[in-house]
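**Q** Would you mind keeping the following structure in view while I ask a few things?
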Amino acid sequence: MPFVRITLSTDRPEPMHAAVAEGVRRALVSAIGVPPDDRFLIVDAQPAAAFHVDRHFLDGDRRDPVLVEITLTRGRTRDMKLALYQAIVANLSEVGVRPDDVLILLRESEREDWSLGGGKMQLLDEELVRKYGWSPPEA
């Protein structure tokens, strides 16, 4: 049940915003097994002048960055994370985002760090999360 915030430039056409969100969602499904209907994404468009990103840090060639911030519960392996990064880049390339422009930040948290309404800790309710097609990672 990841939460995703995507920040991109207002210079990118509006239809691309939804396409980028869908590309990230598809990558989460294919690479780490997120249920297909599990959708918690926000797309935030900012003026190009708001991005202060080193264009060439670590041999990059960043021109029009798309920042993908993903918060999710702990438990994915290094290989799963790499597969996720690669799937995101591949999917976003299909909609016109250059691979070097895709910046991904993964934040892991504990299941008790989430409340999805009502002041409850839904991710601690194994029966409830399985009902919605999510298999929590093993500790």
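Ordered as shown in the structure tokens, chains take letters A, B, and onward, while each chain numbers its residues from 1 and ligands are numbered from 1 in the order shown.
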Hey, what's within 10 Å of Gly96 (chain A) if we count only C-alpha atoms and toss same-chain stuff fewer than 4 positions away? As a list in words, please?
**A**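 The residues that qualify are Arg12, Met16, Ala19, Val20, Asn91 and Leu92 of chain A.
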**Q** Quick one: write out the picked residues with all heavy atoms as a PDB file, in the first residue's frame?
**A**
```pdb
ATOM      1  N   ARG A  12       5.493  20.302 -18.633  1.00  0.00           N
ATOM      2  CA  ARG A  12       5.069  19.030 -19.235  1.00  0.00           C
ATOM      3  C   ARG A  12       3.563  19.101 -19.492  1.00  0.00           C
ATOM      4  O   ARG A  12       2.811  19.601 -18.655  1.00  0.00           O
ATOM      5  CB  ARG A  12       5.407  17.861 -18.322  1.00  0.00           C
ATOM      6  CG  ARG A  12       6.919  17.637 -18.213  1.00  0.00           C
ATOM      7  CD  ARG A  12       7.227  16.332 -17.523  1.00  0.00           C
ATOM      8  NE  ARG A  12       8.653  16.121 -17.371  1.00  0.00           N
ATOM      9  CZ  ARG A  12       9.411  15.477 -18.251  1.00  0.00           C
ATOM     10  NH1 ARG A  12       8.882  14.990 -19.347  1.00  0.00           N
ATOM     11  NH2 ARG A  12      10.706  15.306 -18.029  1.00  0.00           N
ATOM     12  N   MET A  16       0.303  14.204 -19.780  1.00  0.00           N
ATOM     13  CA  MET A  16       1.458  13.437 -19.319  1.00  0.00           C
ATOM     14  C   MET A  16       1.384  13.188 -17.822  1.00  0.00           C
ATOM     15  O   MET A  16       1.873  12.164 -17.338  1.00  0.00           O
ATOM     16  CB  MET A  16       2.765  14.136 -19.683  1.00  0.00           C
ATOM     17  CG  MET A  16       3.989  13.344 -19.252  1.00  0.00           C
ATOM     18  SD  MET A  16       5.520  14.160 -19.677  1.00  0.00           S
ATOM     19  CE  MET A  16       5.737  13.550 -21.343  1.00  0.00           C
ATOM     20  N   ALA A  19      -0.457  10.052 -17.256  1.00  0.00           N
ATOM     21  CA  ALA A  19       0.304   8.942 -17.844  1.00  0.00           C
ATOM     22  C   ALA A  19       1.499   8.574 -16.968  1.00  0.00           C
ATOM     23  O   ALA A  19       1.830   7.389 -16.817  1.00  0.00           O
ATOM     24  CB  ALA A  19       0.756   9.309 -19.259  1.00  0.00           C
ATOM     25  N   VAL A  20       2.146   9.557 -16.391  1.00  0.00           N
ATOM     26  CA  VAL A  20       3.267   9.298 -15.483  1.00  0.00           C
ATOM     27  C   VAL A  20       2.765   8.568 -14.237  1.00  0.00           C
ATOM     28  O   VAL A  20       3.348   7.573 -13.803  1.00  0.00           O
ATOM     29  CB  VAL A  20       4.001  10.608 -15.123  1.00  0.00           C
ATOM     30  CG1 VAL A  20       4.925  10.419 -13.926  1.00  0.00           C
ATOM     31  CG2 VAL A  20       4.778  11.125 -16.330  1.00  0.00           C
ATOM     32  N   ASN A  91       8.511   2.424 -17.944  1.00  0.00           N
ATOM     33  CA  ASN A  91       7.136   2.899 -18.160  1.00  0.00           C
ATOM     34  C   ASN A  91       7.086   4.389 -18.460  1.00  0.00           C
ATOM     35  O   ASN A  91       6.316   4.824 -19.314  1.00  0.00           O
ATOM     36  CB  ASN A  91       6.260   2.574 -16.947  1.00  0.00           C
ATOM     37  CG  ASN A  91       6.005   1.091 -16.791  1.00  0.00           C
ATOM     38  OD1 ASN A  91       6.326   0.297 -17.659  1.00  0.00           O
ATOM     39  ND2 ASN A  91       5.443   0.714 -15.665  1.00  0.00           N
ATOM     40  N   LEU A  92       7.901   5.171 -17.774  1.00  0.00           N
ATOM     41  CA  LEU A  92       7.878   6.609 -18.020  1.00  0.00           C
ATOM     42  C   LEU A  92       8.539   6.959 -19.351  1.00  0.00           C
ATOM     43  O   LEU A  92       8.145   7.929 -20.004  1.00  0.00           O
ATOM     44  CB  LEU A  92       8.522   7.374 -16.868  1.00  0.00           C
ATOM     45  CG  LEU A  92       7.842   7.222 -15.501  1.00  0.00           C
ATOM     46  CD1 LEU A  92       8.355   8.262 -14.521  1.00  0.00           C
ATOM     47  CD2 LEU A  92       6.336   7.267 -15.595  1.00  0.00           C
TER      48      LEU A  92
END
```
**Q** For Ser115 (chain A), find every residue with an atom within 12 Å (counting only C-alpha atoms), except residues of its own chain fewer than 6 positions away, and show them as a ChimeraX atom specification.
**A** /A:1,3,121-125
**Q** So which one's closest to Pro65 (chain A), A:Leu116, A:Val129, A:Ile6, A:Val24? Using only C-alpha atoms, please.
**A** A:Ile6
**Q** For Ala90 (chain A), which residue out of A:Gly23, A:Gly33, A:Pro13, A:Pro2 is the nearest one, using only C-alpha atoms?
**A**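 Going through A:Gly23, A:Gly33, A:Pro13, A:Pro2 one by one, the smallest distance to Ala90 (chain A) is for A:Gly23.
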**Q** Would you return as a list of chain:residue names the members of region 46-100 of chain A that DSSP assigns to strand (DSSP E or B) on this structure's backbone?
**A**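 Restricting region 46-100 of chain A to strand (DSSP E or B) produces A:Gln46, A:Val66, A:Leu67, A:Val68, A:Glu69, A:Ile70, A:Thr71, A:Leu72, A:Thr73.
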**Q** Near region 76-88 of chain A, counting only C-alpha atoms, which residues have an atom at most 8 Å away, once you skip same-chain residues fewer than 5 positions from it, shown as a list in words?
**A**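 Contacts, in chain order: Gly23, Val24, Ala27, Leu28, Ser30, Ala31, Ile32, Ile104 and Pro137 of chain A.
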**Q** When you draw a straight line from CA of Arg74 (chain A) to CA of Ser109 (chain A), how long is it in Å?
**A**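 Atom-to-atom, CA of Arg74 (chain A) and CA of Ser109 (chain A) are spaced 5.8 Å apart.
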**Q** Check chain A with DSSP on the backbone and list each residue it calls alpha helix (DSSP H), as a PyMOL selection string.
**A** chain A and resi 14-32+78-94+126-131
**Q** Using only C-alpha atoms, determine which residues lie at most 10 Å from region 54-62 of chain A, disregarding the query and same-chain residues fewer than 6 positions distant; provide the list as a PDB file with N, CA and C atoms, in the first residue's frame.
**A**
```pdb
ATOM      1  N   ARG A  98      12.567  11.196 -20.339  1.00  0.00           N
ATOM      2  CA  ARG A  98      13.919  10.669 -20.529  1.00  0.00           C
ATOM      3  C   ARG A  98      14.366   9.890 -19.278  1.00  0.00           C
ATOM      4  N   PRO A  99      15.029   8.749 -19.437  1.00  0.00           N
ATOM      5  CA  PRO A  99      15.469   7.961 -18.276  1.00  0.00           C
ATOM      6  C   PRO A  99      16.289   8.759 -17.257  1.00  0.00           C
ATOM      7  N   ASP A 100      17.197   9.634 -17.716  1.00  0.00           N
ATOM      8  CA  ASP A 100      18.003  10.410 -16.776  1.00  0.00           C
ATOM      9  C   ASP A 100      17.189  11.448 -16.022  1.00  0.00           C
ATOM     10  N   ASP A 101      15.982  11.726 -16.484  1.00  0.00           N
ATOM     11  CA  ASP A 101      15.133  12.700 -15.803  1.00  0.00           C
ATOM     12  C   ASP A 101      14.288  12.089 -14.697  1.00  0.00           C
ATOM     13  N   VAL A 102      14.327  10.772 -14.548  1.00  0.00           N
ATOM     14  CA  VAL A 102      13.516  10.094 -13.528  1.00  0.00           C
ATOM     15  C   VAL A 102      14.339   9.946 -12.250  1.00  0.00           C
ATOM     16  N   LEU A 103      13.922  10.657 -11.213  1.00  0.00           N
ATOM     17  CA  LEU A 103      14.560  10.573  -9.903  1.00  0.00           C
ATOM     18  C   LEU A 103      13.590   9.851  -8.971  1.00  0.00           C
TER      19      LEU A 103
END
```
**Q** Distance CA of Arg107 (chain A)-CA of His17 (chain A), one decimal place?
**A**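 Spanning CA of Arg107 (chain A) to CA of His17 (chain A) is a straight-line distance of 22.0 Å.
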**Q** Any idea what the distance is between CA of Val68 (chain A) and CA of Thr7 (chain A)?
**A**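 CA of Thr7 (chain A) lies 6.6 Å from CA of Val68 (chain A).
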**Q** Find, counting only C-alpha atoms, the residue in A:Asp44, A:Glu112, A:Asp38, A:Glu22 that gets nearest to Ser9 (chain A).
**A**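 Counting only C-alpha atoms, the residue closest to Ser9 (chain A) is A:Asp44.
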